[in-house]
Structure formats: C-alpha cells, structure tokens
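Asker: I am sharing model-v3.cif, which consists of mmCIF, C-alpha atoms:
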data_final
loop_
_atom_site.label_atom_id
_atom_site.label_comp_id
_atom_site.auth_asym_id
_atom_site.auth_seq_id
_atom_site.Cartn_x
_atom_site.Cartn_y
_atom_site.Cartn_z
CA MET A 1 32.08 26.38 11.10
CA THR A 2 33.36 23.17 9.54
CA ALA A 3 37.00 23.26 8.54
CA GLU A 4 37.58 22.60 4.85
CA LEU A 5 40.56 21.73 2.70
CA ARG A 6 40.97 25.40 1.74
CA HIS A 7 41.64 26.27 5.38
CA LEU A 8 44.48 23.77 5.53
CA ARG A 9 45.99 24.96 2.26
CA ALA A 10 45.80 28.56 3.45
CA PHE A 11 47.55 27.76 6.71
CA LEU A 12 50.29 25.74 4.97
CA ALA A 13 50.93 28.57 2.52
CA ILE A 14 51.27 31.05 5.40
CA ALA A 15 53.63 28.68 7.22
CA ALA A 16 55.76 28.18 4.10
CA GLU A 17 55.94 31.86 3.12
CA GLY A 18 56.27 33.31 6.63
CA SER A 19 54.04 36.15 5.52
CA ILE A 20 50.32 36.56 4.95
CA THR A 21 51.03 39.00 2.12
CA ARG A 22 53.25 36.55 0.20
CA ALA A 23 50.94 33.63 0.97
CA ALA A 24 47.95 35.59 -0.37
CA ALA A 25 49.82 36.30 -3.60
CA ARG A 26 50.78 32.62 -3.88
CA LEU A 27 47.14 31.56 -3.48
CA HIS A 28 45.79 34.39 -5.65
CA LEU A 29 43.74 35.75 -2.76
CA THR A 30 43.48 39.16 -1.14
CA GLN A 31 45.27 39.62 2.16
CA PRO A 32 42.02 40.28 4.10
CA ALA A 33 40.43 37.12 2.65
CA LEU A 34 43.40 34.99 3.66
CA SER A 35 43.45 36.52 7.15
CA ARG A 36 39.76 35.66 7.57
CA THR A 37 40.41 32.08 6.47
CA LEU A 38 43.22 31.71 9.01
CA ARG A 39 41.08 33.20 11.75
CA GLN A 40 38.24 30.76 10.93
CA LEU A 41 40.63 27.81 11.23
CA GLU A 42 41.98 29.04 14.55
CA GLU A 43 38.46 29.53 15.90
CA HIS A 44 37.51 26.05 14.78
CA LEU A 45 40.54 24.51 16.52
CA GLY A 46 40.30 26.75 19.56
CA VAL A 47 44.01 27.65 19.46
CA GLY A 48 46.19 30.31 17.90
CA LEU A 49 48.33 28.96 15.06
CA VAL A 50 50.23 32.12 14.10
CA ASP A 51 52.00 34.62 16.37
CA ARG A 52 51.20 38.07 14.98
CA SER A 53 52.86 40.00 17.82
CA THR A 54 56.26 40.24 16.11
CA HIS A 55 57.31 41.95 12.88
CA HIS A 56 58.18 38.57 11.35
CA LEU A 57 55.30 36.12 11.33
CA GLU A 58 55.98 32.93 13.29
CA LEU A 59 54.00 29.81 14.09
CA THR A 60 52.97 29.20 17.68
CA PRO A 61 53.88 25.84 19.28
CA ALA A 62 50.33 24.70 18.45
CA GLY A 63 50.85 25.88 14.88
CA GLU A 64 54.10 23.93 14.55
CA ALA A 65 52.38 20.79 15.81
CA PHE A 66 49.39 21.30 13.53
CA ARG A 67 51.56 21.94 10.46
CA ALA A 68 52.61 18.30 10.14
CA ARG A 69 49.04 17.07 10.54
CA ALA A 70 47.74 19.54 7.99
CA ALA A 71 50.43 18.63 5.48
CA ALA A 72 49.67 14.90 5.85
CA ALA A 73 45.95 15.51 5.40
CA VAL A 74 46.40 17.63 2.28
CA ALA A 75 48.83 15.11 0.80
CA ALA A 76 46.37 12.26 1.40
CA VAL A 77 43.54 14.16 -0.28
CA ASP A 78 45.72 15.15 -3.23
CA GLU A 79 46.79 11.53 -3.71
CA ALA A 80 43.22 10.25 -3.51
CA LEU A 81 42.01 12.81 -6.06
CA ASP A 82 44.92 12.47 -8.49
CA PRO A 83 43.31 11.50 -11.85
CA ALA A 84 46.49 9.70 -12.88
CA ARG A 85 46.10 7.31 -9.94
CA ALA A 86 42.34 6.86 -9.98
CA GLY A 87 41.47 3.27 -9.10
CA THR A 88 45.04 2.33 -8.20
CA TRP A 89 45.08 2.97 -4.47
CA PRO A 90 46.22 -0.08 -2.47
CA LEU A 91 43.77 -2.74 -1.35
CA ARG A 92 44.57 -3.37 2.33
CA LEU A 93 44.09 -6.99 3.39
CA GLY A 94 44.35 -7.45 7.14
CA HIS A 95 45.14 -10.55 9.13
CA ALA A 96 45.79 -11.18 12.80
CA TRP A 97 48.23 -14.02 12.19
CA SER A 98 49.50 -16.30 9.40
CA ALA A 99 47.49 -14.64 6.59
CA LEU A 100 46.45 -17.47 4.24
CA GLY A 101 49.20 -19.84 5.30
CA GLU A 102 50.65 -21.78 2.38
CA HIS A 103 48.27 -20.00 -0.01
CA THR A 104 49.60 -16.52 0.81
CA THR A 105 52.27 -16.39 -1.91
CA ALA A 106 49.87 -17.80 -4.49
CA LEU A 107 47.34 -15.08 -3.67
CA LEU A 108 49.88 -12.26 -3.92
CA ARG A 109 51.19 -13.50 -7.28
CA ALA A 110 47.76 -14.16 -8.73
CA TRP A 111 46.58 -10.71 -7.68
CA GLN A 112 49.62 -9.06 -9.22
CA GLN A 113 48.95 -10.85 -12.49
CA THR A 114 45.23 -10.09 -12.64
CA HIS A 115 45.25 -6.60 -11.08
CA PRO A 116 48.70 -5.11 -11.79
CA HIS A 117 47.54 -1.54 -11.20
CA ILE A 118 46.05 -2.15 -7.74
CA PRO A 119 48.67 -3.04 -5.11
CA LEU A 120 47.55 -5.63 -2.54
CA ARG A 121 49.00 -4.82 0.89
CA LEU A 122 49.04 -7.46 3.61
CA LEU A 123 48.75 -5.84 7.04
CA ARG A 124 49.04 -7.70 10.34
CA VAL A 125 46.78 -6.06 12.92
CA ASP A 126 46.54 -7.70 16.33
CA ASP A 127 42.82 -7.44 17.02
CA ARG A 128 39.74 -9.57 16.38
CA THR A 129 38.75 -7.81 13.15
CA ALA A 130 42.32 -7.35 11.85
CA GLY A 131 41.79 -3.62 11.46
CA LEU A 132 38.34 -3.64 9.83
CA ALA A 133 36.53 -2.12 12.79
CA GLN A 134 38.98 0.80 12.94
CA GLY A 135 39.03 1.38 9.17
CA ARG A 136 42.69 0.36 8.95
CA THR A 137 41.98 -2.39 6.40
CA ASP A 138 39.54 -2.88 3.52
CA ALA A 139 39.15 -6.65 3.91
CA ALA A 140 40.48 -9.18 6.37
CA VAL A 141 41.26 -12.87 6.71
CA LEU A 142 39.68 -13.94 10.00
CA ARG A 143 39.67 -17.24 11.87
CA ASP A 144 37.29 -16.07 14.59
CA PRO A 145 35.07 -13.41 13.00
CA GLY A 146 32.51 -13.11 15.77
CA GLU A 147 29.67 -10.62 15.30
CA THR A 148 30.60 -7.05 14.36
CA PRO A 149 27.89 -4.69 13.04
CA GLY A 150 28.43 -3.65 9.43
CA ILE A 151 30.95 -6.38 8.65
CA HIS A 152 30.11 -9.16 6.19
CA THR A 153 31.90 -12.51 6.46
CA GLU A 154 32.22 -15.38 4.00
CA LEU A 155 33.56 -18.84 4.81
CA LEU A 156 36.48 -19.64 2.51
CA THR A 157 37.77 -22.98 3.79
CA THR A 158 38.76 -24.86 6.92
CA GLU A 159 42.21 -25.57 8.31
CA GLU A 160 43.31 -28.53 10.37
CA ARG A 161 44.73 -27.88 13.81
CA VAL A 162 48.29 -28.77 14.76
CA ALA A 163 50.11 -29.00 18.06
CA ALA A 164 53.17 -26.81 18.67
CA VAL A 165 55.68 -28.20 21.19
CA PRO A 166 59.28 -27.46 22.18
CA ALA A 167 61.59 -29.08 19.63
CA ASP A 168 63.68 -30.75 22.35
CA SER A 169 60.71 -32.28 24.19
CA ASP A 170 59.64 -35.93 24.19
CA LEU A 171 56.41 -34.94 22.46
CA ALA A 172 58.36 -33.63 19.46
CA ARG A 173 59.40 -37.21 18.61
CA CYS A 174 55.79 -38.40 18.23
CA PRO A 175 54.30 -38.73 14.73
CA SER A 176 51.08 -37.05 15.89
CA LEU A 177 49.39 -35.93 19.09
CA THR A 178 45.95 -35.69 20.66
CA LEU A 179 44.53 -33.04 22.97
CA THR A 180 44.85 -35.51 25.83
CA ASP A 181 48.60 -35.76 25.17
CA LEU A 182 48.82 -32.02 25.91
CA ALA A 183 46.67 -32.09 29.05
CA GLY A 184 49.63 -32.19 31.43
CA TRP A 185 51.36 -29.22 29.80
CA ALA A 186 50.92 -25.50 30.23
CA ILE A 187 49.08 -24.21 27.14
CA ALA A 188 49.98 -20.91 25.50
CA ILE A 189 46.77 -19.10 24.54
CA ASN A 190 46.56 -15.93 22.47
CA THR A 191 43.72 -14.12 24.22
CA VAL A 192 43.61 -11.27 21.69
CA THR A 193 43.29 -12.99 18.30
CA GLY A 194 43.73 -16.72 18.88
CA THR A 195 41.24 -19.51 18.17
CA THR A 196 42.29 -21.84 20.99
CA SER A 197 40.59 -21.95 24.38
CA LEU A 198 40.31 -24.60 27.08
CA ASP A 199 36.84 -25.44 25.73
CA LEU A 200 38.64 -27.32 22.97
CA TRP A 201 39.70 -30.07 25.41
CA PRO A 202 37.49 -32.87 26.77
CA PRO A 203 36.17 -32.03 30.27
CA ASP A 204 38.20 -34.84 31.83
CA ALA A 205 41.47 -33.77 30.14
CA THR A 206 41.50 -29.98 30.47
CA PRO A 207 44.99 -28.51 31.04
CA ALA A 208 45.41 -26.97 34.48
CA ILE A 209 47.80 -24.17 33.46
CA THR A 210 47.58 -21.58 30.70
CA VAL A 211 50.07 -18.95 29.58
CA GLU A 212 48.27 -15.92 28.17
CA VAL A 213 49.93 -14.03 25.28
CA ALA A 214 48.77 -11.24 22.97
CA ASN A 215 50.29 -12.14 19.60
CA THR A 216 51.95 -14.89 17.58
CA ASP A 217 55.49 -13.77 18.38
CA ASP A 218 54.90 -14.05 22.13
CA TRP A 219 53.08 -17.37 21.61
CA LEU A 220 56.14 -18.82 19.85
CA ALA A 221 58.47 -17.44 22.50
CA ALA A 222 56.47 -19.10 25.29
CA ILE A 223 56.56 -22.50 23.56
CA SER A 224 60.22 -22.32 22.60
CA ALA A 225 61.14 -21.63 26.24
CA GLY A 226 60.03 -25.18 27.17
CA ARG A 227 57.26 -26.89 29.20
CA THR A 228 54.61 -24.96 27.29
CA ALA A 229 52.68 -26.21 24.26
CA GLY A 230 50.16 -24.65 21.91
CA VAL A 231 47.42 -25.47 19.45
CA THR A 232 47.05 -23.60 16.18
CA SER A 233 46.25 -24.06 12.50
CA THR A 234 48.34 -25.51 9.68
CA ALA A 235 48.73 -21.93 8.42
CA THR A 236 50.88 -21.04 11.42
CA ALA A 237 53.19 -23.97 10.74
CA ALA A 238 53.56 -22.77 7.13
CA MET A 239 54.12 -19.09 7.92
CA HIS A 240 55.99 -19.25 11.24
CA PRO A 241 58.64 -21.97 11.25
CA HIS A 242 60.80 -21.77 14.38
CA PRO A 243 63.99 -23.70 15.14
CA ALA A 244 62.89 -24.37 18.73
CA VAL A 245 59.29 -25.31 17.95
CA THR A 246 57.98 -28.49 16.32
CA TYR A 247 54.54 -28.62 14.71
CA LEU A 248 52.74 -31.98 14.73
CA PRO A 249 49.37 -33.20 13.41
CA LEU A 250 46.69 -33.01 16.09
CA THR A 251 44.02 -35.70 15.80
CA GLY A 252 40.53 -35.41 17.19
CA ALA A 253 40.43 -31.59 17.28
CA ARG A 254 37.79 -29.71 15.31
CA PRO A 255 39.15 -27.70 12.37
CA ILE A 256 39.39 -23.91 12.20
CA GLU A 257 37.17 -21.92 9.85
CA LEU A 258 38.87 -19.37 7.61
CA HIS A 259 36.71 -16.38 6.64
CA LEU A 260 37.08 -13.34 4.42
CA ALA A 261 35.47 -10.27 5.95
CA TRP A 262 34.75 -6.78 4.66
CA ARG A 263 32.59 -3.79 5.45
CA GLU A 264 29.26 -3.28 3.72
CA PRO A 265 29.39 -1.32 1.54
CA PRO A 266 33.04 -2.12 0.70
CA THR A 267 35.58 0.61 1.40
CA HIS A 268 37.55 -0.33 -1.75
CA PRO A 269 36.03 -1.12 -5.17
CA ALA A 270 38.34 -4.13 -5.63
CA VAL A 271 37.04 -6.06 -2.60
CA PRO A 272 34.57 -8.15 -4.69
CA ALA A 273 37.40 -9.09 -7.07
CA LEU A 274 39.51 -10.19 -4.11
CA ALA A 275 36.67 -12.37 -2.82
CA THR A 276 36.29 -14.01 -6.24
CA LEU A 277 40.01 -14.66 -6.53
CA LEU A 278 40.16 -16.24 -3.09
CA ARG A 279 37.19 -18.50 -3.84
CA ASP A 280 38.91 -19.72 -6.99
CA LEU A 281 42.29 -20.11 -5.31
CA LEU A 282 41.04 -22.08 -2.33
CA SER A 283 38.72 -24.30 -4.35
CA CYS A 284 41.59 -25.76 -6.38
#
How would this structure read if it were set down as structure tokens?

Answerer:
Amino acid sequence: MTAELRHLRAFLAIAAEGSITRAAARLHLTQPALSRTLRQLEEHLGVGLVDRSTHHLELTPAGEAFRARAAAAVAAVDEALDPARAGTWPLRLGHAWSALGEHTTALLRAWQQTHPHIPLRLLRVDDRTAGLAQGRTDAAVLRDPGETPGIHTELLTTEERVAAVPADSDLARCPSLTLTDLAGWAIAINTVTGTTSLDLWPPDATPAITVEVANTDDWLAAISAGRTAGVTSTATAAMHPHPAVTYLPLTGARPIELHLAWREPPTHPAVPALATLLRDLLSC
C-alpha cells in the first residue's frame, strides 16, 4: 500500500480528538472505515501509532513523533494547493557564497518590482550546487558549476579575483598584489565551495602551506588571525567586508566565471524569468 494524504489527515484527526468515534464524525466517515485507514497507515510504517489498550485512546511514542511530521506534510500540501496562493510560492535562489556581489541588492529590488507576487528567497547552502542537487533550491548562482546530471548552467559574467590579506600586514599597504607576492604565505582554501586551488599559481611560485576551511566565515577567520592570505572574487569583497581583512586587486590571475544553474525541467515556473532578469541586469 502507498500512503496517501487521506491517511495523514485521518491520523491527525484521531490524535486531535483522542477518539476514533469523534474523529470519524469530524471527517464524516464511519468508525470502521476510519479504523481501517489508521491500520493501513500503521502497516505501511511498520509501527503502532495509537495505543488501543486503554479506555482513553493515546498515541504511542512513535505516534507522537510521527504527529509532527504528518502535520508538517499536510500543511505543506495545503499551502501548495491553496488557489489563493497559486503561482506565488517563493523562488529559492541558492548560492554558496557572496550571491551576486554588488549586484545582489539590484537583483532583489528589480525582482520585487517586476514580480511582486513571487517572493525571491536567497539561500546560502554550503555545497557545490548550492542546494540544487538536494532539491533545496530552484536555481543557484555558481562559480564552479562542474558537471551534475540534470542541471543546466548558463554563463552570466566573469568576476576579477582579489587578494585578501590581514589588515595589519605589510601586504595590506600595497596598491595591488600578484600571485607571486602571496607565495610565501599560508593560503586559506575553501575546499567545499571555493574556486581557489594551488593550480592557480605558477609552478615556480606555489605556496607551500594551505589552510583548509569549509565556508566563507571560516575563511575570513583564518585570514584575520594573521599570516594567512586568500584569493577570491570581487563579490566577496562587496558582500563580506571585515575590519581585520583588506581586499586588494590581484593582477595576472584568471577571472572567475559566474553561472546561473537550474534543474531541467525547472522546479519553479519563474526560473526562466529570473534568468532573463539576470541577463539584463548583468549586461548593463
């Protein structure tokens, strides 16, 4: 048997009423029909949800735990099928770090003006697909899209790289830096979502020490502690200013590609509109 929404509604009514008789009346069902529905759900889950051994019906520990999950599932379905909200569910735009940099505010405001009934939610998800692979986002801004089956990517623009150094270091007083200038420093590298690796450096000027981190917050903390530097995009400088970190132009380093990615077919009908808006915004 495949559990259906009616099984969840039946169980929640029983839990709320504390009686199969009252729950059956509430759902306009016969008591035997409701009992069969509950039994089907329990057989599907492989656990007892209701303790029938006492005069007053009570949920088992498994039933108490399942009640919250069932309520959340029913609420989500009701919201999705609400005619008054059709087409207005949020569009979830994922990013692993820095979103669109200096263009982030412009995107949010332009979207609000052109699509006032569809909220655009920015979600930071620390993985390579910024939540697309797990279904946590509908589209994503990616700087290292890689190859993921079922995900379409479109190049939006490129971003220049910058160096990030401790604000009290000698390097912070330079007008700009090169990769060779950083060769004697430990380099903070985000191994989960970052776009910097030692391959970026010339073979004769590769840093000897790296500090591996898993997200932007830890990357900034490593640099601000001193004797560690980093390489990132101009978007990070715009979105993550830090009193103990100085961002400087980095000459001679290849730029970073910024992509928009989404599943095919799109999981939200507004994804094509988002792609069009981003093309227009970033072409100005």

Asker: Applying the PyMOL selection byres ((chain A and resi 178-194) around 10) to the file I just gave you, which residues come out? Please list them as a PyMOL selection string.

Answerer: chain A and resi 95-97+125-130+142-145+162-165+171+176-177+195-198+200-202+204-216+218-223+226-232+248-253

Asker: Would you compute the distance between atom CA of Ala244 of chain A and atom CA of Pro175 of chain A? Give it in Å to one decimal.

Answerer: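 Pair atom CA of Ala244 of chain A / atom CA of Pro175 of chain A returns 17.2 Å.
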
Asker: For a quick check of your reading of the model, name the residues lying within 10 Å of the coordinate (37.8, -2.7, -6.0), counting all atoms listed in the file, and write them as a PyMOL selection string.

Answerer: chain A and resi 87-91+115+118+138+266-274

Asker: What separation in Å, quoted to one decimal, exists between atom CA of Gln40 of chain A and atom CA of Asp82 of chain A?

Answerer: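 We find that atom CA of Gln40 of chain A and atom CA of Asp82 of chain A lie 27.5 Å from each other.
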
Asker: Env of Ala65 of chain A: 12 Å cut, atoms = only C-alpha atoms, seq-sep filter 6 positions within chain, self excluded. Answer as a ChimeraX atom specification.

Answerer: /A:15,47-50,59,71-72

Asker: Taking all atoms of segment 45-62 of chain A that appear in the file, build a box with edges along x, y and z, extend it by 4 Å on every side, and state its centre and edge lengths in Å to one decimal, as AutoDock Vina command-line options.

Answerer:
--center_x 49.2 --center_y 33.2 --center_z 15.4 --size_x 25.9 --size_y 25.4 --size_z 16.2

Asker: Can you work out the spacing between atom CA of Val77 of chain A and atom CA of His152 of chain A in Å, to one decimal?

Answerer: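 Answer for the atom CA of Val77 of chain A to atom CA of His152 of chain A separation: 27.7 Å.
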
Asker: Once the PyMOL selection byres ((chain A and resi 275) around 10) is applied to the coordinates I shared, what remains selected? I want it as a PyMOL selection string.

Answerer: chain A and resi 139+154+156+260-262+270-274+276-281

Asker: Take the residues just selected and output them with C-alpha atoms as a PDB file, keeping the file's coordinate frame.

Answerer:
ATOM      1  CA  ALA A 139      39.150  -6.650   3.910  1.00  0.00           C
ATOM      2  CA  GLU A 154      32.220 -15.380   4.000  1.00  0.00           C
ATOM      3  CA  LEU A 156      36.480 -19.640   2.510  1.00  0.00           C
ATOM      4  CA  LEU A 260      37.080 -13.340   4.420  1.00  0.00           C
ATOM      5  CA  ALA A 261      35.470 -10.270   5.950  1.00  0.00           C
ATOM      6  CA  TRP A 262      34.750  -6.780   4.660  1.00  0.00           C
ATOM      7  CA  ALA A 270      38.340  -4.130  -5.630  1.00  0.00           C
ATOM      8  CA  VAL A 271      37.040  -6.060  -2.600  1.00  0.00           C
ATOM      9  CA  PRO A 272      34.570  -8.150  -4.690  1.00  0.00           C
ATOM     10  CA  ALA A 273      37.400  -9.090  -7.070  1.00  0.00           C
ATOM     11  CA  LEU A 274      39.510 -10.190  -4.110  1.00  0.00           C
ATOM     12  CA  THR A 276      36.290 -14.010  -6.240  1.00  0.00           C
ATOM     13  CA  LEU A 277      40.010 -14.660  -6.530  1.00  0.00           C
ATOM     14  CA  LEU A 278      40.160 -16.240  -3.090  1.00  0.00           C
ATOM     15  CA  ARG A 279      37.190 -18.500  -3.840  1.00  0.00           C
ATOM     16  CA  ASP A 280      38.910 -19.720  -6.990  1.00  0.00           C
ATOM     17  CA  LEU A 281      42.290 -20.110  -5.310  1.00  0.00           C
TER      18      LEU A 281
END

Asker: I need the output of the PyMOL selection byres ((chain A and resi 9) around 10) for this file as a PyMOL selection string; which residues are they?

Answerer: chain A and resi 4-8+10-15+27+37-38+70-71+73-74

Asker: Choose the residue, out of A:Val245, A:Leu41, A:Ala133, A:Ala3, that has the smallest atom-to-atom separation from Arg173 of chain A; count all atoms listed in the file.

Answerer: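 Closest to Arg173 of chain A of all the choices is A:Val245.
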
Asker: Could you check which of A:Pro61, A:Pro32, A:Gly18, A:Gly150 is closest to Pro265 of chain A, using only C-alpha atoms?

Answerer: A:Gly150

Asker: Quick one: everything within 8 Å of His56 of chain A, counting only C-alpha atoms, minus sequence neighbours fewer than 2 positions away in the same chain. Send it as a list in words.

Answerer: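 That gives Gly18, Ser19, Arg52, Thr54 and Glu58 of chain A.
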
Asker: Calculated over all atoms listed in the file, which of the candidates A:Ala99, A:Val141, A:Ala23, A:Cys174 has the smallest distance to Ala235 of chain A?

Answerer: A:Ala99
